[in-house]
Amino acid sequence: MSNLNLKTFTFHVHGMHCKSCVVLTESELKEVPEVLKAKASLKHLNVEVIGDFGDKAPEHIARDLSEVLKPHGYTLSLEKQKHSAKWSDFRIALPVALIFIALFVWLQKLGIVNLVTTSEVSYGTVFVVGLIASISTCMAVVGGLVLSVSANFAKEGDKIRPQVLFHLGRLISFFILGGVIGVLGSAFQFGATGTLVLGLFVAIVLLILGVNLLDIFPGIKKWQPTLPSFVGKHVHGLKKINHTLTPLLIGVATFFLPCGFTQSMQIYTLTTGSFVTGAFTMFIFALGTLPVLAILSFGSLGIQKKAQSSIFFKTAGLIVIFFGLFNLINSLVAGGFIPPIFSF
């Protein structure tokens, strides 16, 4: 690629929600032969592309690159589209979310499941958060990874084993590394104040994630705390390594991807101070993500289909906000700032 023919274009990205979306957008565009460099911005919801596109018009380039990103739910355009909150979606999303929450509260009162306690996040809550995380666009990068690896191995006639290794590596790593985080928490010996601060941080992260899923306040996307983007880029780069154990390694590496849901659970795990509790917390979270990711990885569910479901994401956002508020209230109750509000 001659430097004399390189040109720089800036396109607006539609469908970007989080740092994982940034990683996925850049990684996919960099694999296009004409593209030398791609730099996406969550703050401005755009991507700067440098490459040799010959005599193609900017509109043609945006259309071609959109075809690469469409399977992941993103499209490019020259003009910035006005954000539409789609408030009408709440006419369906709100009742569905309230029914979902009411069902959990009812099961809690019956003692069938222990979703919320006044002192800790239960395994039931962790599983549900994992389930919601798996249908969030933040998980598109995980689905993109496993689909890419699966495609490479499928060319050689190996369709099942890569899927199994990926999910096995994910479950094992979340168990072991979750336990390690729990042990680190015991080494730090968090006092009441430290536990309170971390509990409040988890609640705030969940609230930001929930509001983010509602897609009504686009400015809040930049507030979402994540690991540095280079971590996700290195993980995404693993898919290029064509080795028998590559799917297993990628499954392990997803523990470090910049996903807010995963990190909120990792922060909570830090407060447990226990290898066993930490291990099972992260394992059950990964188990919650398994059903949707397994369906996705075996090709029965396209990321682009779930990325288009505005009502679905608003419903999930309301449920995440519910868990965020419960964590906030539980932390304040445990810290002695407010009396217990709920009797379950």
# chains A, B, ... in the order shown; residues from 1 in each chain; ligands from 1
$ residues_around --residues "segment 195-199 of chain A" --least-positions-apart "3" --cutoff "12 Å" --atoms "only C-alpha atoms" --output "ChimeraX atom specification"
/A:118-121,185-186,188-192,202-206,263-273,324-337
$ residues_around --residues "Leu168 of chain A" --least-positions-apart "3" --cutoff "9 Å" --atoms "only C-alpha atoms" --output "mmCIF file with all heavy atoms, in the first residue's frame"
data_model
loop_
_atom_site.group_PDB
_atom_site.id
_atom_site.type_symbol
_atom_site.label_atom_id
_atom_site.label_comp_id
_atom_site.auth_asym_id
_atom_site.auth_seq_id
_atom_site.Cartn_x
_atom_site.Cartn_y
_atom_site.Cartn_z
ATOM 1 N N GLN A 163 -16.260 -24.341 19.323
ATOM 2 C CA GLN A 163 -17.308 -23.752 20.171
ATOM 3 C C GLN A 163 -17.190 -24.277 21.605
ATOM 4 O O GLN A 163 -17.267 -23.515 22.570
ATOM 5 C CB GLN A 163 -18.691 -24.120 19.616
ATOM 6 C CG GLN A 163 -18.825 -24.137 18.108
ATOM 7 C CD GLN A 163 -18.903 -22.742 17.529
ATOM 8 O OE1 GLN A 163 -18.691 -21.770 18.224
ATOM 9 N NE2 GLN A 163 -19.181 -22.651 16.241
ATOM 10 N N VAL A 164 -17.019 -25.589 21.706
ATOM 11 C CA VAL A 164 -16.933 -26.218 23.027
ATOM 12 C C VAL A 164 -15.705 -25.707 23.786
ATOM 13 O O VAL A 164 -15.788 -25.383 24.977
ATOM 14 C CB VAL A 164 -16.873 -27.754 22.884
ATOM 15 C CG1 VAL A 164 -16.648 -28.409 24.246
ATOM 16 C CG2 VAL A 164 -18.161 -28.279 22.252
ATOM 17 N N LEU A 165 -14.563 -25.622 23.096
ATOM 18 C CA LEU A 165 -13.336 -25.150 23.745
ATOM 19 C C LEU A 165 -13.465 -23.706 24.206
ATOM 20 O O LEU A 165 -13.001 -23.344 25.296
ATOM 21 C CB LEU A 165 -12.150 -25.286 22.778
ATOM 22 C CG LEU A 165 -11.623 -26.693 22.525
ATOM 23 C CD1 LEU A 165 -10.525 -26.673 21.470
ATOM 24 C CD2 LEU A 165 -11.115 -27.326 23.817
ATOM 25 N N LEU A 171 -15.648 -20.567 31.022
ATOM 26 C CA LEU A 171 -16.164 -20.987 32.326
ATOM 27 C C LEU A 171 -15.031 -21.284 33.308
ATOM 28 O O LEU A 171 -15.074 -20.870 34.475
ATOM 29 C CB LEU A 171 -17.064 -22.217 32.164
ATOM 30 C CG LEU A 171 -18.401 -21.994 31.456
ATOM 31 C CD1 LEU A 171 -19.103 -23.329 31.222
ATOM 32 C CD2 LEU A 171 -19.293 -21.061 32.265
ATOM 33 N N ILE A 172 -14.010 -22.001 32.835
ATOM 34 C CA ILE A 172 -12.886 -22.359 33.713
ATOM 35 C C ILE A 172 -12.131 -21.121 34.165
ATOM 36 O O ILE A 172 -11.795 -20.970 35.348
ATOM 37 C CB ILE A 172 -11.930 -23.333 32.989
ATOM 38 C CG1 ILE A 172 -12.615 -24.683 32.774
ATOM 39 C CG2 ILE A 172 -10.639 -23.523 33.798
ATOM 40 C CD1 ILE A 172 -11.795 -25.656 31.944
ATOM 41 N N SER A 173 -11.868 -20.210 33.238
ATOM 42 C CA SER A 173 -11.094 -19.017 33.584
ATOM 43 C C SER A 173 -11.855 -18.114 34.539
ATOM 44 O O SER A 173 -11.274 -17.529 35.467
ATOM 45 C CB SER A 173 -10.712 -18.241 32.322
ATOM 46 O OG SER A 173 -11.854 -17.692 31.685
ATOM 47 N N LEU A 248 -9.854 -22.022 23.047
ATOM 48 C CA LEU A 248 -9.740 -22.129 24.499
ATOM 49 C C LEU A 248 -9.071 -20.883 25.070
ATOM 50 O O LEU A 248 -9.523 -20.315 26.074
ATOM 51 C CB LEU A 248 -8.936 -23.376 24.865
ATOM 52 C CG LEU A 248 -8.779 -23.673 26.361
ATOM 53 C CD1 LEU A 248 -10.114 -24.082 26.958
ATOM 54 C CD2 LEU A 248 -7.744 -24.768 26.590
ATOM 55 N N GLY A 251 -11.409 -17.924 24.994
ATOM 56 C CA GLY A 251 -12.382 -18.040 26.077
ATOM 57 C C GLY A 251 -11.807 -17.562 27.393
ATOM 58 O O GLY A 251 -12.464 -16.848 28.158
ATOM 59 N N VAL A 252 -10.556 -17.929 27.664
ATOM 60 C CA VAL A 252 -9.864 -17.474 28.880
ATOM 61 C C VAL A 252 -9.677 -15.963 28.855
ATOM 62 O O VAL A 252 -9.913 -15.263 29.857
ATOM 63 C CB VAL A 252 -8.496 -18.164 29.019
ATOM 64 C CG1 VAL A 252 -7.703 -17.565 30.171
ATOM 65 C CG2 VAL A 252 -8.672 -19.676 29.224
#
$ atom_distance --atom1 "atom CA of Leu94 of chain A" --atom2 "atom CA of Leu318 of chain A"
7.3 Å
$ atom_distance --atom1 "atom CA of Ile132 of chain A" --atom2 "atom CA of Ile311 of chain A"
13.8 Å
$ residues_around --residues "Leu177 of chain A" --least-positions-apart "2" --cutoff "10 Å" --atoms "only C-alpha atoms" --output "list in words"
Ile172, Ser173, Phe174, Phe175, Gly179, Val180, Ile181, Gly182, Val183, Val252, Phe255, Gln266, Phe275, Gly278, Ala279, Met282 and Phe283 of chain A
$ write_last_selection --atoms "N, CA, C and O atoms" --output "mmCIF file, in the first residue's frame"
data_model
loop_
_atom_site.group_PDB
_atom_site.id
_atom_site.type_symbol
_atom_site.label_atom_id
_atom_site.label_comp_id
_atom_site.auth_asym_id
_atom_site.auth_seq_id
_atom_site.Cartn_x
_atom_site.Cartn_y
_atom_site.Cartn_z
ATOM 1 N N ILE A 172 -14.010 -22.001 32.835
ATOM 2 C CA ILE A 172 -12.886 -22.359 33.713
ATOM 3 C C ILE A 172 -12.131 -21.121 34.165
ATOM 4 O O ILE A 172 -11.795 -20.970 35.348
ATOM 5 N N SER A 173 -11.868 -20.210 33.238
ATOM 6 C CA SER A 173 -11.094 -19.017 33.584
ATOM 7 C C SER A 173 -11.855 -18.114 34.539
ATOM 8 O O SER A 173 -11.274 -17.529 35.467
ATOM 9 N N PHE A 174 -13.162 -17.993 34.343
ATOM 10 C CA PHE A 174 -13.961 -17.141 35.232
ATOM 11 C C PHE A 174 -13.984 -17.734 36.644
ATOM 12 O O PHE A 174 -13.983 -16.988 37.632
ATOM 13 N N PHE A 175 -13.980 -19.067 36.734
ATOM 14 C CA PHE A 175 -13.963 -19.710 38.055
ATOM 15 C C PHE A 175 -12.619 -19.469 38.744
ATOM 16 O O PHE A 175 -12.575 -18.991 39.888
ATOM 17 N N GLY A 179 -11.771 -16.665 41.703
ATOM 18 C CA GLY A 179 -11.235 -17.061 42.999
ATOM 19 C C GLY A 179 -9.994 -16.275 43.365
ATOM 20 O O GLY A 179 -9.806 -15.869 44.521
ATOM 21 N N VAL A 180 -9.134 -16.020 42.368
ATOM 22 C CA VAL A 180 -7.918 -15.229 42.606
ATOM 23 C C VAL A 180 -8.278 -13.819 43.052
ATOM 24 O O VAL A 180 -7.681 -13.274 43.996
ATOM 25 N N ILE A 181 -9.270 -13.213 42.412
ATOM 26 C CA ILE A 181 -9.698 -11.868 42.806
ATOM 27 C C ILE A 181 -10.237 -11.879 44.230
ATOM 28 O O ILE A 181 -9.977 -10.966 45.022
ATOM 29 N N GLY A 182 -10.994 -12.936 44.569
ATOM 30 C CA GLY A 182 -11.511 -13.051 45.931
ATOM 31 C C GLY A 182 -10.391 -13.127 46.958
ATOM 32 O O GLY A 182 -10.452 -12.490 48.012
ATOM 33 N N VAL A 183 -9.340 -13.898 46.646
ATOM 34 C CA VAL A 183 -8.189 -14.014 47.548
ATOM 35 C C VAL A 183 -7.480 -12.668 47.680
ATOM 36 O O VAL A 183 -7.057 -12.275 48.779
ATOM 37 N N VAL A 252 -10.556 -17.929 27.664
ATOM 38 C CA VAL A 252 -9.864 -17.474 28.880
ATOM 39 C C VAL A 252 -9.677 -15.963 28.855
ATOM 40 O O VAL A 252 -9.913 -15.263 29.857
ATOM 41 N N PHE A 255 -12.139 -12.871 29.963
ATOM 42 C CA PHE A 255 -12.221 -12.376 31.342
ATOM 43 C C PHE A 255 -11.686 -10.948 31.438
ATOM 44 O O PHE A 255 -12.081 -10.183 32.320
ATOM 45 N N GLN A 266 -16.512 -8.302 38.873
ATOM 46 C CA GLN A 266 -15.145 -8.463 39.372
ATOM 47 C C GLN A 266 -14.904 -7.578 40.588
ATOM 48 O O GLN A 266 -14.237 -7.991 41.548
ATOM 49 N N PHE A 275 -11.786 -17.218 48.139
ATOM 50 C CA PHE A 275 -11.555 -17.875 46.851
ATOM 51 C C PHE A 275 -12.820 -18.577 46.386
ATOM 52 O O PHE A 275 -13.218 -18.453 45.223
ATOM 53 N N GLY A 278 -15.620 -16.002 45.531
ATOM 54 C CA GLY A 278 -15.217 -15.269 44.335
ATOM 55 C C GLY A 278 -15.283 -16.140 43.091
ATOM 56 O O GLY A 278 -15.754 -15.700 42.034
ATOM 57 N N ALA A 279 -14.813 -17.392 43.233
ATOM 58 C CA ALA A 279 -14.810 -18.308 42.095
ATOM 59 C C ALA A 279 -16.228 -18.602 41.622
ATOM 60 O O ALA A 279 -16.520 -18.554 40.428
ATOM 61 N N MET A 282 -18.026 -15.440 39.861
ATOM 62 C CA MET A 282 -17.659 -15.212 38.466
ATOM 63 C C MET A 282 -18.075 -16.389 37.579
ATOM 64 O O MET A 282 -18.442 -16.202 36.415
ATOM 65 N N PHE A 283 -18.029 -17.610 38.132
ATOM 66 C CA PHE A 283 -18.444 -18.789 37.365
ATOM 67 C C PHE A 283 -19.934 -18.711 37.025
ATOM 68 O O PHE A 283 -20.341 -18.972 35.881
#
$ closest_residue --among "A:Lys7, A:His14, A:Lys314, A:His167" --to "Pro58 of chain A" --atoms "only C-alpha atoms"
A:Lys7
$ atom_distance --atom1 "atom CA of Phe11 of chain A" --atom2 "atom CA of Ser77 of chain A"
5.5 Å
$ closest_residue --among "A:Glu79, A:Glu34, A:Glu59, A:Glu48" --to "Asn5 of chain A" --atoms "only C-alpha atoms"
A:Glu34
$ residues_around --residues "Leu249 of chain A" --least-positions-apart "3" --cutoff "9 Å" --atoms "only C-alpha atoms" --output "number ranges by chain"
A: 165-166, 169-170, 238, 245-246, 252-254
$ closest_residue --among "A:Ala316, A:Leu209, A:Val32, A:Ile284" --to "Cys259 of chain A" --atoms "only C-alpha atoms"
A:Leu209
$ residues_around --residues "Leu65 of chain A" --least-positions-apart "4" --cutoff "8 Å" --atoms "only C-alpha atoms" --output "compact mmCIF listing (two decimals) with C-alpha atoms, in the first residue's frame"
# COMPACT_ATOMS: atom_id res chain seq x y z
CA LEU A 29 -12.05 -2.38 9.83
CA ILE A 61 -16.36 3.76 0.99
CA LEU A 69 -19.66 -4.01 10.23
CA LEU A 76 -21.22 4.06 8.83
